[in-house]
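Undergrad: I'd like to ask you about the structure that follows.
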Amino acid sequence: MNGRTIPVIAPHNPLLTTKWTNRTRRRRQCPKGLSGISRLLRIDEVIEHLNINRQQLARLIREQNLPCVKKDGELHFDPEQLDRWVERSRGHAGDHTGEMAQPEPFLFHEHRGRLALTVLDPEAASQSLPCMESVLLSISAAPQARAHVSKALQAGGEPTILCPLPGPLRSPFNVIITADRLKAYVFLSAGAASVRTINPHSLRARLMDMGVCYGLDDAVIQAIAHPGAPGKLLRVALGDPPSADGEPEIVCHFKTPPDFKPRDLESFTTDPNSDKRLTFVRMGDVLAEIKTPPNIKNGADVFGRTVTYTSWAAAALRSGPKTYASRQGLRLHASCSGIPYWKKQSVCVDPTRIFQNISGIAGIVPFDGRLIVRRHVKNAGAIDAKKKLIIQGRAENTSLVSRTSSINVIEGISGGGQATVQAAASIRTGFAENCTLRAGLDVLARFTISECDVRAGRRMIMKSDAAKILSSTIRCGQCMILENAGSPAGGAVTLIIEHVFDSQNGAEREHLQNAVLEARQVVRTIKGRMKRLTNPDTDAYKACEARIRAVQEITEKRERAYESFRRWLTDPDMIFIDIRGRAYPGVVIQIEDRKLTLHKIYENQRFYYTHGGIAHKPLKPEINE
């Protein structure tokens with residue numbers, strides 16, 4: 001692939017540098033030939049000839065294979081071999097001067113401490129868009145890789161900042177293999193120029209250790225010693241991609257719009273006709289597949305291993321959530337019923353079922369996903385959804401269950417005295433009458449709660465001016481924000497806040513109290529046993545003392561937990577019942593073990609727990625708004 005060239009500076013070479021001494025400043029001269037000397041040279045003579053020190057000589061022997069022989073326990077050098085080595089060094093230095101070829105029309109590099117992308121040839125780079133995305137994803141988990149690459153194409157050759165410098169590029173010396181194993185890159189950090197061990201020889205050794213042996217680019221390997229190489233991602237090896245007479249074709253078997261997002265289905269203003277644009281599939285249906293062209297030829301990766309055309313082509317079809325592949329990745333299937341869609345070049349399935357109405361179904365109707373009903377649910381027995389349950393109309397005489405998410409009934413719920421609505425998260429509804437509500441978190445209603453039994457793990461919220469509670473029992477774990485409770489005509493309304501520890505131990509206050517009492521009783525029992533032991537030096541007596549200390553430590557922890565719970569319980573900003581409108585006589589307010597029955601109308605009041613009973617105070621104006 002043709003690319004632009006980048007000018008670089010000649011590399012550091014001890015044969016071409018100036019040597020400084022403490023006394024004199026001496027200009028470096030190129031060493032003359034030694035072929036006329038018939039004997040082997042000693043170390044001191046070579047150091048004087050090359051004008052270097054012992055450390056530099058040792059490095060040249062170790063890294064650049066400076067020819068030498070060992071005689072009588074000392075190193076000696078053949079003059080003719082030394083001359084040839086000097087000539088090769090001069091030749092390599094001459095090769096590095098000038099410009100370094102860039103094998104790709106784009107360049108990933110470090111720019112002011114961040115990862116940047118510069119497009120050198122926009123026309124050629126536009127045809128390498130998947131390649132740039134693949135390289136970016138191989139070195140960084142940067143989101144929106146396609147957007148970053150598109151921005152760089154429009155930058156006109158200017159660096160485009162992508163993200164902070166990834167961790168794999170922060171060490172001095174890095175070799176990176178792309179996910180398809182068809183390319184290998186080398187990256188030297190910006191400060192790697194001062195690391196003398198980084199040179200073509202060490203790069204080849206690193207590649208050999210990693211098993212990279214195919215498609216090596218000798219020009220890049222030699223250019224690694226350039227001062228301009230650090231900070232640039234250079235392609236050091238290129239495999240042979242598979243080929244065929246044509247390009248693989250992706251055939252999509254669903255027509256869901258490309259801009260579809262699953263959360264759009266929950267919009268309450270969605271046009272019912274928009275559902276006709278969606279494709280519904282069942283488990284096992286084929287979603288998309290790749291058709292391969294004729295005359296297929298396999299390739300080879302940078303490790304020298306065969307890359308089959310099938311595996312290479314299958315990389316273009318990504319499997320997302322709720323899908324699985326067959327035919328070696330050339331075909332994707334749905335692993336559940338739902339709506340297929342595209343997400344970041346991957347095929348996904350959203351486990352959603354959409355109905356206009358549900359009515360007249362006996363028994364329990366299970367749905368392994370999300371259920372959306374555009375209008376009403378009537379006389380349907382029980383509907384059990386694993387995820388969110390949304391009904392944009394009314395639910396009448398039907399029990400509803402969401403095992404892992406929430407339930408939202410826009411108009412309201414009419415239970416007929418038998419229906420139960422149970423959600424792992426929250427329940428939202430317009431009104432609720434003659435039913436039982438069970439929510440793991442909150443219950444939110446806009447209008448009326450009438451003749452209902454409501455349990456919310458956290459809060460009960462009714463902030464609408466028309467909201468009221470009639471003849472119902474409401475239980476919450478933390479607080480209530482209500483508008484009106486009760487009515488002038490009477491009717492039993494009970495508002496209870498109780499923090500339940502678990503189903504076996506009951507309320508947390510009682511659980512903590514019982515735990516402290518039990519621990520104290522254990523201590524009394526052990527002390528009674530110790531009184532019967534006359535000798536305190538016996539092992540039995542010491543074991544009782546150790547047991548008492550352990551129980552006392554546990555008791556102290558439980559007492560601290562109980563005190564923390566009491567402070568939390570008596571905090572009027574955490575545990576409260578707000579009546580923003582009116583609370584009529586006959587309403588019972590209970591917080592844990594304290595109870596208050598109203599005998600007059602209370603307006604705009606907050607009820608909270610104290611050790612002497614239920615207290616109340618006017619709501620602040622900002623709370624009432």
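Order determines the names: the first chain of the structure tokens is A, the second B, and so forth; residues in each chain are numbered 1 upward, and ligands are numbered 1 upward as they are shown.
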If you count only C-alpha atoms, which residues fall within 7 Å of Ile221 in chain A, apart from same-chain ones fewer than 5 positions away, as a list in words?

TA: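 Residues near the query, excluding close chain neighbours: Pro200, Leu203 and Val236 of chain A.
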
Undergrad: Within 8 Å of Ile575 in chain A, counting only C-alpha atoms, which residues qualify if same-chain residues fewer than 3 places away don't, as a ChimeraX atom specification?

TA: /A:478-479,497,568-572,608-609

Undergrad: Generate a file of the selected residues that holds N, CA and C atoms, formatted as a PDB file, in the first residue's frame.

TA:
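Okay, this is what ended up in again31.pdb:
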ATOM      1  N   GLN A 478     -39.077   2.830  54.293  1.00  0.00           N
ATOM      2  CA  GLN A 478     -38.331   4.051  54.587  1.00  0.00           C
ATOM      3  C   GLN A 478     -39.230   5.261  54.787  1.00  0.00           C
ATOM      4  N   CYS A 479     -39.966   5.691  53.767  1.00  0.00           N
ATOM      5  CA  CYS A 479     -40.743   6.918  53.901  1.00  0.00           C
ATOM      6  C   CYS A 479     -41.929   6.908  52.957  1.00  0.00           C
ATOM      7  N   ILE A 497     -44.649   2.256  58.562  1.00  0.00           N
ATOM      8  CA  ILE A 497     -43.250   2.163  58.146  1.00  0.00           C
ATOM      9  C   ILE A 497     -42.566   1.174  59.076  1.00  0.00           C
ATOM     10  N   TRP A 568     -30.906   6.088  63.149  1.00  0.00           N
ATOM     11  CA  TRP A 568     -31.490   6.164  61.811  1.00  0.00           C
ATOM     12  C   TRP A 568     -33.008   6.263  61.890  1.00  0.00           C
ATOM     13  N   LEU A 569     -33.591   5.522  62.807  1.00  0.00           N
ATOM     14  CA  LEU A 569     -35.047   5.501  62.935  1.00  0.00           C
ATOM     15  C   LEU A 569     -35.580   6.843  63.403  1.00  0.00           C
ATOM     16  N   THR A 570     -34.852   7.533  64.264  1.00  0.00           N
ATOM     17  CA  THR A 570     -35.318   8.806  64.817  1.00  0.00           C
ATOM     18  C   THR A 570     -34.883  10.001  63.993  1.00  0.00           C
ATOM     19  N   ASP A 571     -34.306   9.779  62.820  1.00  0.00           N
ATOM     20  CA  ASP A 571     -33.913  10.885  61.944  1.00  0.00           C
ATOM     21  C   ASP A 571     -35.117  11.302  61.115  1.00  0.00           C
ATOM     22  N   PRO A 572     -35.695  12.480  61.352  1.00  0.00           N
ATOM     23  CA  PRO A 572     -36.903  12.875  60.611  1.00  0.00           C
ATOM     24  C   PRO A 572     -36.657  13.159  59.141  1.00  0.00           C
ATOM     25  N   TYR A 608     -43.059  11.675  62.207  1.00  0.00           N
ATOM     26  CA  TYR A 608     -41.793  10.982  62.345  1.00  0.00           C
ATOM     27  C   TYR A 608     -41.721  10.309  63.713  1.00  0.00           C
ATOM     28  N   TYR A 609     -40.710   9.459  63.882  1.00  0.00           N
ATOM     29  CA  TYR A 609     -40.564   8.605  65.064  1.00  0.00           C
ATOM     30  C   TYR A 609     -39.776   9.316  66.151  1.00  0.00           C
TER      31      TYR A 609
END

Undergrad: Would you list the contacts of Phe260 in chain A as a VMD selection string, taking every protein, DNA or RNA residue within 9 Å and counting only C-alpha atoms, but skipping same-chain residues closer than 2 positions in sequence?

TA: chain A and resid 256 to 258 262 to 264 278 341 to 343

Undergrad: Closest to Tyr584 in chain A among A:Asp209, A:Glu498, A:Asp384, A:Glu603, using only C-alpha atoms?

TA: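 Smallest separation from Tyr584 in chain A among the options: A:Glu603.
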
Undergrad: Please determine, counting only C-alpha atoms, which residue among A:Ala225, A:Leu182, A:Leu512, A:Leu41 has the shortest atom-to-atom distance to Phe565 in chain A.

TA: A:Leu512

Undergrad: Could you write out, as a ChimeraX atom specification, all the residues of range 365-599 of chain A that DSSP marks as helix (DSSP H, G or I)?

TA: /A:508-531,539-569

Undergrad: Taking only range 363-474 of chain A into account, list the residues labelled strand (DSSP E or B) by DSSP (computed from the backbone), as a ChimeraX atom specification.

TA: /A:364-367,370-373,377-385,389-391,394-402,407-409,412-414,420-423,427-429,432-433,436-439,442-445,448-450,453-456,459-461,468-470,473-474

Undergrad: Write out as a PyMOL selection string which residues come within 8 Å of Pro321 in chain A when counting only C-alpha atoms, dropping same-chain ones fewer than 2 positions away.

TA: chain A and resi 319+323+347-349
